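Shown below: structure.cif, with mmCIF, N, CA and C atoms.
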data_upload
loop_
_atom_site.label_atom_id
_atom_site.label_comp_id
_atom_site.auth_asym_id
_atom_site.auth_seq_id
_atom_site.Cartn_x
_atom_site.Cartn_y
_atom_site.Cartn_z
N MET Q 1 135.76 -16.83 -12.36
CA MET Q 1 134.69 -17.64 -12.86
C MET Q 1 134.96 -18.08 -14.31
N LEU Q 2 135.31 -17.12 -15.15
CA LEU Q 2 135.55 -17.47 -16.55
C LEU Q 2 136.82 -18.29 -16.71
N SER Q 3 137.73 -18.20 -15.75
CA SER Q 3 138.96 -18.97 -15.87
C SER Q 3 138.69 -20.47 -15.74
N GLN Q 4 137.48 -20.84 -15.30
CA GLN Q 4 137.12 -22.25 -15.19
C GLN Q 4 136.89 -22.88 -16.56
N TYR Q 5 136.59 -22.04 -17.53
CA TYR Q 5 136.22 -22.55 -18.84
C TYR Q 5 137.39 -22.42 -19.81
N SER Q 6 137.64 -23.49 -20.54
CA SER Q 6 138.71 -23.44 -21.52
C SER Q 6 138.25 -22.77 -22.81
N ASN Q 7 136.94 -22.75 -23.05
CA ASN Q 7 136.41 -22.13 -24.26
C ASN Q 7 135.28 -21.18 -23.86
N ILE Q 8 135.52 -19.90 -24.00
CA ILE Q 8 134.50 -18.91 -23.65
C ILE Q 8 133.84 -18.34 -24.90
N ASP Q 9 133.87 -19.13 -25.96
CA ASP Q 9 133.30 -18.70 -27.23
C ASP Q 9 131.81 -18.39 -27.11
N PHE Q 10 131.12 -19.05 -26.17
CA PHE Q 10 129.68 -18.81 -26.02
C PHE Q 10 129.39 -17.37 -25.64
N ILE Q 11 130.30 -16.70 -24.95
CA ILE Q 11 130.10 -15.30 -24.57
C ILE Q 11 130.12 -14.42 -25.81
N MET Q 12 130.93 -14.78 -26.77
CA MET Q 12 131.04 -13.98 -27.99
C MET Q 12 129.75 -14.00 -28.80
N HIS Q 13 128.90 -14.99 -28.58
CA HIS Q 13 127.66 -15.09 -29.33
C HIS Q 13 126.46 -14.50 -28.57
N LEU Q 14 126.69 -14.00 -27.39
CA LEU Q 14 125.60 -13.38 -26.62
C LEU Q 14 125.37 -11.96 -27.08
N ASP Q 15 124.21 -11.45 -26.73
CA ASP Q 15 123.93 -10.03 -26.90
C ASP Q 15 125.00 -9.25 -26.13
N ILE Q 16 125.40 -8.10 -26.64
CA ILE Q 16 126.50 -7.36 -26.01
C ILE Q 16 126.21 -7.02 -24.56
N ASP Q 17 124.97 -6.67 -24.25
CA ASP Q 17 124.62 -6.34 -22.87
C ASP Q 17 124.70 -7.56 -21.97
N GLU Q 18 124.22 -8.70 -22.46
CA GLU Q 18 124.30 -9.93 -21.67
C GLU Q 18 125.74 -10.36 -21.45
N GLY Q 19 126.54 -10.26 -22.51
CA GLY Q 19 127.95 -10.62 -22.39
C GLY Q 19 128.69 -9.72 -21.42
N PHE Q 20 128.41 -8.42 -21.51
CA PHE Q 20 129.05 -7.47 -20.59
C PHE Q 20 128.66 -7.76 -19.15
N GLU Q 21 127.38 -8.02 -18.91
CA GLU Q 21 126.92 -8.31 -17.55
C GLU Q 21 127.54 -9.60 -17.02
N MET Q 22 127.69 -10.60 -17.90
CA MET Q 22 128.30 -11.86 -17.48
C MET Q 22 129.77 -11.64 -17.11
N LEU Q 23 130.48 -10.88 -17.92
CA LEU Q 23 131.88 -10.59 -17.62
C LEU Q 23 132.02 -9.75 -16.35
N LYS Q 24 131.11 -8.79 -16.17
CA LYS Q 24 131.12 -7.96 -14.97
C LYS Q 24 130.90 -8.81 -13.72
N LYS Q 25 129.93 -9.72 -13.78
CA LYS Q 25 129.63 -10.59 -12.64
C LYS Q 25 130.81 -11.51 -12.35
N ALA Q 26 131.43 -12.04 -13.40
CA ALA Q 26 132.60 -12.91 -13.21
C ALA Q 26 133.74 -12.15 -12.55
N ASN Q 27 133.94 -10.91 -12.95
CA ASN Q 27 134.98 -10.07 -12.35
C ASN Q 27 134.68 -9.80 -10.88
N GLU Q 28 133.42 -9.52 -10.56
CA GLU Q 28 133.04 -9.29 -9.17
C GLU Q 28 133.30 -10.53 -8.31
N LYS Q 29 132.95 -11.70 -8.84
CA LYS Q 29 133.18 -12.95 -8.10
C LYS Q 29 134.66 -13.21 -7.90
N GLN Q 30 135.46 -12.93 -8.91
CA GLN Q 30 136.90 -13.12 -8.78
C GLN Q 30 137.47 -12.17 -7.72
N ASN Q 31 137.00 -10.91 -7.73
CA ASN Q 31 137.44 -9.95 -6.72
C ASN Q 31 137.03 -10.39 -5.33
N ASP Q 32 135.81 -10.90 -5.19
CA ASP Q 32 135.35 -11.40 -3.89
C ASP Q 32 136.25 -12.52 -3.39
N SER Q 33 136.64 -13.41 -4.29
CA SER Q 33 137.50 -14.52 -3.92
C SER Q 33 138.87 -14.03 -3.44
N ILE Q 34 139.42 -13.06 -4.13
CA ILE Q 34 140.72 -12.49 -3.74
C ILE Q 34 140.60 -11.79 -2.38
N LEU Q 35 139.54 -11.00 -2.22
CA LEU Q 35 139.35 -10.29 -0.95
C LEU Q 35 139.12 -11.27 0.19
N TRP Q 36 138.40 -12.35 -0.08
CA TRP Q 36 138.16 -13.38 0.95
C TRP Q 36 139.49 -13.98 1.40
N ASP Q 37 140.36 -14.29 0.45
CA ASP Q 37 141.68 -14.84 0.79
C ASP Q 37 142.49 -13.85 1.62
N MET Q 38 142.40 -12.56 1.27
CA MET Q 38 143.11 -11.54 2.05
C MET Q 38 142.56 -11.47 3.47
N TRP Q 39 141.23 -11.53 3.60
CA TRP Q 39 140.60 -11.46 4.92
C TRP Q 39 140.99 -12.68 5.76
N LEU Q 40 141.05 -13.86 5.11
CA LEU Q 40 141.42 -15.08 5.84
C LEU Q 40 142.84 -15.00 6.40
N VAL Q 41 143.73 -14.33 5.69
CA VAL Q 41 145.10 -14.17 6.19
C VAL Q 41 145.10 -13.32 7.46
N LYS Q 42 144.24 -12.33 7.52
CA LYS Q 42 144.18 -11.45 8.69
C LYS Q 42 143.38 -12.07 9.84
N TYR Q 43 142.46 -12.96 9.53
CA TYR Q 43 141.54 -13.51 10.53
C TYR Q 43 142.22 -14.11 11.77
N PRO Q 44 143.28 -14.91 11.62
CA PRO Q 44 143.90 -15.50 12.82
C PRO Q 44 144.43 -14.46 13.81
N TRP Q 45 144.69 -13.26 13.33
CA TRP Q 45 145.24 -12.23 14.20
C TRP Q 45 144.16 -11.33 14.80
N MET Q 46 142.91 -11.61 14.49
CA MET Q 46 141.81 -10.81 15.03
C MET Q 46 141.35 -11.37 16.36
N ASP Q 47 140.92 -10.48 17.23
CA ASP Q 47 140.29 -10.89 18.48
C ASP Q 47 139.05 -10.03 18.68
N LYS Q 48 138.46 -10.10 19.85
CA LYS Q 48 137.20 -9.37 20.07
C LYS Q 48 137.39 -7.85 19.98
N ASP Q 49 138.61 -7.37 20.18
CA ASP Q 49 138.85 -5.93 20.16
C ASP Q 49 139.11 -5.38 18.75
N ASN Q 50 139.63 -6.21 17.86
CA ASN Q 50 139.95 -5.70 16.53
C ASN Q 50 139.33 -6.51 15.39
N PHE Q 51 138.29 -7.27 15.71
CA PHE Q 51 137.62 -8.08 14.69
C PHE Q 51 136.97 -7.18 13.64
N VAL Q 52 137.13 -7.55 12.38
CA VAL Q 52 136.50 -6.86 11.26
C VAL Q 52 135.76 -7.91 10.44
N SER Q 53 134.47 -7.71 10.24
CA SER Q 53 133.72 -8.66 9.42
C SER Q 53 134.21 -8.61 7.98
N PHE Q 54 133.94 -9.68 7.26
CA PHE Q 54 134.37 -9.71 5.86
C PHE Q 54 133.72 -8.57 5.07
N ASN Q 55 132.43 -8.35 5.29
CA ASN Q 55 131.75 -7.28 4.55
C ASN Q 55 132.35 -5.91 4.85
N ASP Q 56 132.68 -5.64 6.11
CA ASP Q 56 133.32 -4.37 6.45
C ASP Q 56 134.71 -4.27 5.81
N PHE Q 57 135.45 -5.37 5.85
CA PHE Q 57 136.78 -5.41 5.23
C PHE Q 57 136.67 -5.12 3.73
N LYS Q 58 135.75 -5.81 3.08
CA LYS Q 58 135.55 -5.65 1.64
C LYS Q 58 135.13 -4.22 1.30
N ASN Q 59 134.17 -3.69 2.03
CA ASN Q 59 133.70 -2.33 1.77
C ASN Q 59 134.80 -1.31 1.97
N ASN Q 60 135.63 -1.51 2.99
CA ASN Q 60 136.73 -0.60 3.25
C ASN Q 60 137.76 -0.63 2.12
N ILE Q 61 138.08 -1.82 1.64
CA ILE Q 61 139.03 -1.95 0.53
C ILE Q 61 138.46 -1.31 -0.73
N LEU Q 62 137.22 -1.62 -1.05
CA LEU Q 62 136.61 -1.09 -2.27
C LEU Q 62 136.42 0.42 -2.19
N LYS Q 63 136.15 0.93 -1.00
CA LYS Q 63 136.00 2.37 -0.84
C LYS Q 63 137.32 3.07 -1.15
N LYS Q 64 138.42 2.50 -0.69
CA LYS Q 64 139.73 3.08 -0.95
C LYS Q 64 140.04 3.09 -2.44
N VAL Q 65 139.62 2.06 -3.14
CA VAL Q 65 139.89 1.96 -4.57
C VAL Q 65 139.06 2.98 -5.34
N GLU Q 66 137.83 3.20 -4.90
CA GLU Q 66 136.90 4.04 -5.65
C GLU Q 66 137.00 5.52 -5.33
N GLU Q 67 137.68 5.88 -4.24
CA GLU Q 67 137.79 7.29 -3.88
C GLU Q 67 138.59 8.04 -4.94
N PRO Q 68 138.00 9.08 -5.50
CA PRO Q 68 138.76 9.85 -6.50
C PRO Q 68 139.88 10.64 -5.82
N LYS Q 69 140.96 10.76 -6.52
CA LYS Q 69 142.08 11.52 -5.99
C LYS Q 69 141.78 13.01 -6.14
N LYS Q 70 142.10 13.74 -5.11
CA LYS Q 70 141.89 15.18 -5.16
C LYS Q 70 143.01 15.80 -5.98
N PRO Q 71 142.64 16.74 -6.86
CA PRO Q 71 143.69 17.38 -7.67
C PRO Q 71 144.64 18.17 -6.78
N THR Q 72 145.91 18.08 -7.10
CA THR Q 72 146.90 18.82 -6.33
C THR Q 72 147.13 20.20 -6.91
N LYS Q 73 146.68 20.40 -8.14
CA LYS Q 73 146.84 21.70 -8.79
C LYS Q 73 145.47 22.23 -9.21
N THR Q 74 145.37 23.53 -9.26
CA THR Q 74 144.14 24.14 -9.74
C THR Q 74 144.12 24.07 -11.27
N LYS Q 75 142.97 24.31 -11.83
CA LYS Q 75 142.83 24.32 -13.28
C LYS Q 75 143.74 25.37 -13.90
N GLN Q 76 143.83 26.52 -13.27
CA GLN Q 76 144.68 27.59 -13.79
C GLN Q 76 146.15 27.19 -13.77
N GLN Q 77 146.58 26.50 -12.72
CA GLN Q 77 147.97 26.06 -12.64
C GLN Q 77 148.28 25.03 -13.74
N ILE Q 78 147.34 24.15 -14.01
CA ILE Q 78 147.54 23.15 -15.06
C ILE Q 78 147.64 23.83 -16.42
N ILE Q 79 146.77 24.80 -16.67
CA ILE Q 79 146.80 25.53 -17.94
C ILE Q 79 148.12 26.28 -18.08
N ALA Q 80 148.57 26.95 -17.01
CA ALA Q 80 149.83 27.68 -17.06
C ALA Q 80 151.00 26.74 -17.34
N ASP Q 81 151.01 25.58 -16.69
CA ASP Q 81 152.07 24.60 -16.94
C ASP Q 81 152.03 24.12 -18.39
N SER Q 82 150.84 23.89 -18.90
CA SER Q 82 150.70 23.44 -20.30
C SER Q 82 151.21 24.50 -21.26
N GLU Q 83 150.89 25.75 -20.98
CA GLU Q 83 151.35 26.83 -21.84
C GLU Q 83 152.88 26.94 -21.82
N LYS Q 84 153.49 26.71 -20.67
CA LYS Q 84 154.96 26.72 -20.58
C LYS Q 84 155.56 25.60 -21.42
N ILE Q 85 154.94 24.44 -21.38
CA ILE Q 85 155.44 23.30 -22.15
C ILE Q 85 155.34 23.58 -23.64
N VAL Q 86 154.19 24.12 -24.07
CA VAL Q 86 154.01 24.44 -25.49
C VAL Q 86 155.00 25.50 -25.92
N ALA Q 87 155.21 26.53 -25.10
CA ALA Q 87 156.16 27.60 -25.44
C ALA Q 87 157.57 27.04 -25.56
N ALA Q 88 157.96 26.16 -24.64
CA ALA Q 88 159.30 25.56 -24.69
C ALA Q 88 159.44 24.67 -25.92
N TRP Q 89 158.39 23.97 -26.28
CA TRP Q 89 158.43 23.10 -27.45
C TRP Q 89 158.57 23.94 -28.73
N LYS Q 90 157.82 25.04 -28.80
CA LYS Q 90 157.91 25.91 -29.96
C LYS Q 90 159.29 26.56 -30.05
N LYS Q 91 159.83 26.94 -28.92
CA LYS Q 91 161.15 27.58 -28.89
C LYS Q 91 162.24 26.62 -29.35
N GLY Q 92 162.05 25.34 -29.04
CA GLY Q 92 163.04 24.34 -29.40
C GLY Q 92 162.96 23.91 -30.85
N GLY Q 93 162.04 24.47 -31.61
CA GLY Q 93 161.95 24.13 -33.02
C GLY Q 93 161.04 22.97 -33.32
N GLY Q 94 160.29 22.53 -32.31
CA GLY Q 94 159.38 21.39 -32.52
C GLY Q 94 158.17 21.74 -33.34
N CYS Q 95 157.84 23.02 -33.42
CA CYS Q 95 156.66 23.44 -34.18
C CYS Q 95 157.05 24.57 -35.12
N LYS Q 96 156.67 24.45 -36.38
CA LYS Q 96 157.03 25.47 -37.37
C LYS Q 96 155.80 25.99 -38.06
#

Taking this structure as input, can you express it in the form of C-alpha cells?
Amino acid sequence: MLSQYSNIDFIMHLDIDEGFEMLKKANEKQNDSILWDMWLVKYPWMDKDNFVSFNDFKNNILKKVEEPKKPTKTKQQIIADSEKIVAAWKKGGGCK
C-alpha cells in the first residue's frame, strides 16, 4: 500500500499511534496480496478433493509463521553450555 506513494512524509507528521497503525495495516494488505498470488498459483491444481479456500490457506500459512519454536535444550543445558564457553574464554586469556 505505501509503495504506491512516492512521498510518505505525511506519515511522519501523524501521531505515533496513528502512524504505527497505518504502517501495520499497509503491511497486512501487502501480505494479503502476496498470499493471494501464492494461492492463485495453486488454484489451477485444486479440485473438489483437495480444494483449499483462500482464508484456510492464509490461516495455515500464518499459523506456521507464528508458531513458536520449541526449545531443543533445557534451561540447565543452556546455562551449562554458557559456563563452558565463559570458562574456555577465560582460559584463553580473553578475560583478565

### Query
By how many Å are atom CA of Leu35 of chain Q and atom N of Lys58 of chain Q apart?
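Interatomic distance, atom CA of Leu35 of chain Q to atom N of Lys58 of chain Q: 7.0 Å.
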
### Message
Could you go through chain Q and tell me which residues DSSP, when run on the backbone, assigns to helix (DSSP H, G or I), listing them as an MDAnalysis selection string?
### Response
chainID Q and resid 2:4 9:12 16:45 54:66 75:91

### Task
Find the distance between atom C of Asn31 of chain Q and atom CA of Lys64 of chain Q and write it in Å to one decimal.
14.4 Å

### Task
Using only N, CA and C atoms, determine which residues lie at most 8 Å from Phe54 of chain Q, disregarding the query and same-chain residues fewer than 2 positions distant; provide the list as a VMD selection string.
chain Q and resid 35 to 36 39 to 40 51 to 52 56 to 60
